[in-house]
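Enquirer: I have a structure here, written as structure tokens, and I will follow up with some questions on it.
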Amino acid sequence: MNDLGFYIHGAHYTKDERIKGASIDSQIEFELETLFKRLDVDKDGVLSEEELFKAMNASSHNKYTVADIKEVMRMLDNDGNGKLDKDEFLEFMLGQVKLDIISAEDEMEDLRAKFKQYDLDGNGWLSPAEV
Ligand SMILES: [Ca+2]
Ligand SMILES: [Ca+2]
């Protein structure tokens, strides 16, 4: 199957199905684990609100308040113990990575739709007359 066929095929799936199906490189997972270890300043294996606060405000143009951090923590803390463990962190981050991949695919999809509009004879190529 060529690329075009692949993406059109993918378009039949809902976003959730595509998120589940998106393949994540083990390299990305490794990098996220490394990131987690770096954010876990006191090395107790979980991210506290304080560590999350530092992480999210690491970039100087981010101005998250303590209330923002509590909100994020509440969202990501699946077992409700007030800390983010590695699984909770990875699940969230991998979700973000997959969303990025899928939105990149969607942009490709838009391009293809435009391309098809112009490809009047449907042969997959734009001839000078069609452009
Ligand atoms: Ca910690
Ligand atoms: Ca937790």
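In the structure tokens, each chain is lettered A, B, ... as it comes, each chain's residues begin at 1, and ligands are numbered from 1 in order of appearance.
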Return as a list in words the residues of protein, DNA or RNA that approach ligand 2 to within 7 Å, with only C-alpha atoms and all ligand atoms taken into account.
Expert: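 Every residue with an atom at most 7 Å from ligand 2 is listed here: Asp77, Asn78, Asp79, Gly80, Asn81, Gly82, Lys83, Leu84, Asp85 and Glu88 of chain A.
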Enquirer: Write out as an MDAnalysis selection string each polymer residue whose atoms come within 12 Å of A:Phe89, counting only C-alpha atoms; drop sequence neighbours fewer than 2 positions from it.
Expert: chainID A and resid 29 32:37 39:40 45:48 52 72:73 75:78 83:87 91:96
Enquirer: Would you write out those residues with C-alpha atoms, as a short mmCIF file (atom, residue, chain, number, x, y, z; two decimals), in the first residue's frame?
Expert:
```
data_model
loop_
_atom_site.label_atom_id
_atom_site.label_comp_id
_atom_site.auth_asym_id
_atom_site.auth_seq_id
_atom_site.Cartn_x
_atom_site.Cartn_y
_atom_site.Cartn_z
CA GLU A 29 9.70 6.27 25.95
CA LEU A 32 10.48 10.43 28.79
CA GLU A 33 11.74 8.15 31.54
CA THR A 34 14.98 10.10 31.61
CA LEU A 35 12.98 13.31 31.83
CA PHE A 36 10.95 11.90 34.71
CA LYS A 37 14.13 11.03 36.61
CA LEU A 39 12.28 16.16 37.30
CA ASP A 40 12.25 13.92 40.38
CA GLY A 45 10.40 7.95 42.53
CA VAL A 46 7.37 10.26 42.36
CA LEU A 47 6.79 13.86 41.36
CA SER A 48 5.39 16.04 44.11
CA LEU A 52 5.84 19.59 39.10
CA VAL A 72 -2.76 19.51 36.60
CA MET A 73 -1.92 17.17 39.45
CA MET A 75 -5.99 15.61 36.30
CA LEU A 76 -2.98 13.32 36.04
CA ASP A 77 -2.98 11.67 39.46
CA ASN A 78 -4.93 8.54 38.58
CA LYS A 83 1.92 12.49 43.64
CA LEU A 84 2.70 11.58 40.07
CA ASP A 85 4.38 8.23 39.69
CA LYS A 86 6.23 7.23 36.56
CA ASP A 87 3.27 5.40 35.04
CA GLU A 91 0.71 7.87 30.30
CA PHE A 92 0.17 11.62 30.08
CA MET A 93 3.34 12.41 28.16
CA LEU A 94 2.88 9.56 25.67
CA GLY A 95 -0.66 10.80 25.12
CA GLN A 96 0.76 14.23 24.27
#
```
Enquirer: For ligand 1, which of A:Lys20, A:Lys43, A:Arg38, A:Lys15 is the closest residue, counting only C-alpha atoms and all ligand atoms?
Expert: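 Looking at the shortest contact to ligand 1, the residue is A:Lys43.
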Enquirer: Rank nothing, just name the residue among A:Ala129, A:Val66, A:Ile102, A:Val41 nearest to A:Phe53, using only C-alpha atoms.
Expert: A:Val66
Enquirer: Excluding A:Ser127 and any residue of its chain fewer than 5 positions from it, enumerate the residues within 12 Å of it, using only C-alpha atoms, and give them as an MDAnalysis selection string.
Expert: chainID A and resid 115 118:122
Enquirer: May I have the residues from that selection written out with N, CA and C atoms, as a compact mmCIF listing (two decimals), in the first residue's frame?
Expert:
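Final output, out27.txt:
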```txt
# COMPACT_ATOMS: atom_id res chain seq x y z
N PHE A 115 -4.86 18.37 -2.64
CA PHE A 115 -4.23 17.76 -3.80
C PHE A 115 -5.28 17.06 -4.67
N TYR A 118 -7.42 19.11 -6.92
CA TYR A 118 -6.81 19.58 -8.16
C TYR A 118 -6.52 18.45 -9.14
N ASP A 119 -6.42 17.24 -8.58
CA ASP A 119 -6.06 16.10 -9.41
C ASP A 119 -7.31 15.61 -10.13
N LEU A 120 -7.69 16.33 -11.19
CA LEU A 120 -9.01 16.11 -11.80
C LEU A 120 -9.17 14.73 -12.41
N ASP A 121 -8.11 14.22 -13.02
CA ASP A 121 -8.27 12.90 -13.63
C ASP A 121 -7.97 11.76 -12.65
N GLY A 122 -7.66 12.14 -11.39
CA GLY A 122 -7.53 11.13 -10.34
C GLY A 122 -6.38 10.16 -10.53
```
Enquirer: Hey, which of A:Lys54, A:Leu111, A:Gln27, A:Tyr13 ends up closest to ligand 1? Count only C-alpha atoms and all ligand atoms.
Expert: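 Of all the options, A:Lys54 lies closest to ligand 1.
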Enquirer: Atom CA of A:Glu17 to atom CA of A:Ile69: how many Å, to one decimal?
Expert: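 Here the two named atoms are 29.4 Å from each other.
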Enquirer: Report, in Å to a single decimal, how far apart atom CA of A:Leu99 and atom CA of A:Arg112 are.
Expert: 19.6 Å
Enquirer: What residues in stretch 5-119 of chain A get the DSSP label strand (DSSP E or B)? Please answer as a PyMOL selection string.
Expert: chain A and resi 46-47+84-85
Enquirer: Using C-alpha atoms, can you export the residues from the last selection as a compact mmCIF listing (two decimals), in the first residue's frame?
Expert:
```txt
# COMPACT_ATOMS: atom_id res chain seq x y z
CA VAL A 46 7.37 10.26 42.36
CA LEU A 47 6.79 13.86 41.36
CA LEU A 84 2.70 11.58 40.07
CA ASP A 85 4.38 8.23 39.69
```
Enquirer: Using only C-alpha atoms and all ligand atoms, find the one residue out of A:Asp25, A:Glu49, A:Asp16, A:Glu130 that sits nearest to ligand 1.
Expert: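 Selected residue with least distance to ligand 1: A:Glu49.
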Enquirer: As a ChimeraX atom specification, please: every residue in chain A that a backbone DSSP assignment puts in alpha helix (DSSP H).
Expert: /A:3-10,15-21,26-39,49-56,66-76,86-118
Enquirer: Only C-alpha atoms, please: the residues just picked out, written as a short mmCIF file (atom, residue, chain, number, x, y, z; two decimals), in the first residue's frame.
Expert:
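Listed below is the output, result-v1.cif:
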```cif
data_model
loop_
_atom_site.label_atom_id
_atom_site.label_comp_id
_atom_site.auth_asym_id
_atom_site.auth_seq_id
_atom_site.Cartn_x
_atom_site.Cartn_y
_atom_site.Cartn_z
CA ASP A 3 1.43 6.35 1.61
CA LEU A 4 -1.76 7.87 0.32
CA GLY A 5 -3.66 4.60 0.71
CA PHE A 6 -2.30 4.24 4.21
CA TYR A 7 -3.45 7.66 5.36
CA ILE A 8 -6.84 7.39 3.77
CA HIS A 9 -7.23 4.04 5.48
CA GLY A 10 -6.21 5.65 8.80
CA LYS A 15 -9.24 9.83 17.09
CA ASP A 16 -9.26 7.53 20.13
CA GLU A 17 -8.60 4.48 18.02
CA ARG A 18 -5.78 6.27 16.30
CA ILE A 19 -4.27 7.35 19.64
CA LYS A 20 -4.29 3.73 20.77
CA GLY A 21 -2.86 2.56 17.49
CA SER A 26 10.95 2.99 22.41
CA GLN A 27 13.46 5.84 22.11
CA ILE A 28 10.73 8.35 22.97
CA GLU A 29 9.70 6.27 25.95
CA PHE A 30 13.30 6.12 27.11
CA GLU A 31 13.66 9.88 26.80
CA LEU A 32 10.48 10.43 28.79
CA GLU A 33 11.74 8.15 31.54
CA THR A 34 14.98 10.10 31.61
CA LEU A 35 12.98 13.31 31.83
CA PHE A 36 10.95 11.90 34.71
CA LYS A 37 14.13 11.03 36.61
CA ARG A 38 15.47 14.52 36.02
CA LEU A 39 12.28 16.16 37.30
CA GLU A 49 3.42 19.23 43.46
CA GLU A 50 6.57 21.15 44.22
CA GLU A 51 8.60 19.22 41.65
CA LEU A 52 5.84 19.59 39.10
CA PHE A 53 5.73 23.32 39.81
CA LYS A 54 9.45 23.65 39.12
CA ALA A 55 9.18 21.51 35.99
CA MET A 56 6.30 23.48 34.51
CA VAL A 66 0.27 26.89 42.51
CA ALA A 67 -3.46 26.57 41.71
CA ASP A 68 -2.63 25.62 38.09
CA ILE A 69 -0.25 22.96 39.32
CA LYS A 70 -2.84 21.53 41.69
CA GLU A 71 -5.27 21.35 38.78
CA VAL A 72 -2.76 19.51 36.60
CA MET A 73 -1.92 17.17 39.45
CA ARG A 74 -5.59 16.39 40.01
CA MET A 75 -5.99 15.61 36.30
CA LEU A 76 -2.98 13.32 36.04
CA LYS A 86 6.23 7.23 36.56
CA ASP A 87 3.27 5.40 35.04
CA GLU A 88 0.98 8.39 35.51
CA PHE A 89 3.60 10.69 34.04
CA LEU A 90 4.36 8.43 31.08
CA GLU A 91 0.71 7.87 30.30
CA PHE A 92 0.17 11.62 30.08
CA MET A 93 3.34 12.41 28.16
CA LEU A 94 2.88 9.56 25.67
CA GLY A 95 -0.66 10.80 25.12
CA GLN A 96 0.76 14.23 24.27
CA VAL A 97 3.33 12.75 21.91
CA LYS A 98 0.65 10.71 20.16
CA LEU A 99 -1.57 13.77 19.81
CA ASP A 100 1.34 15.57 18.15
CA ILE A 101 1.83 12.68 15.74
CA ILE A 102 -1.87 12.59 14.93
CA SER A 103 -2.15 16.34 14.37
CA ALA A 104 0.83 16.13 12.02
CA GLU A 105 -1.05 13.37 10.17
CA ASP A 106 -4.15 15.54 10.03
CA GLU A 107 -2.18 18.32 8.40
CA MET A 108 -0.98 15.83 5.81
CA GLU A 109 -4.57 14.79 5.34
CA ASP A 110 -5.56 18.39 4.57
CA LEU A 111 -2.82 18.65 2.01
CA ARG A 112 -3.98 15.44 0.39
CA ALA A 113 -7.55 16.65 0.27
CA LYS A 114 -6.38 19.79 -1.50
CA PHE A 115 -4.23 17.76 -3.80
CA LYS A 116 -7.16 15.55 -4.74
CA GLN A 117 -9.28 18.58 -5.52
CA TYR A 118 -6.81 19.58 -8.16
#
```
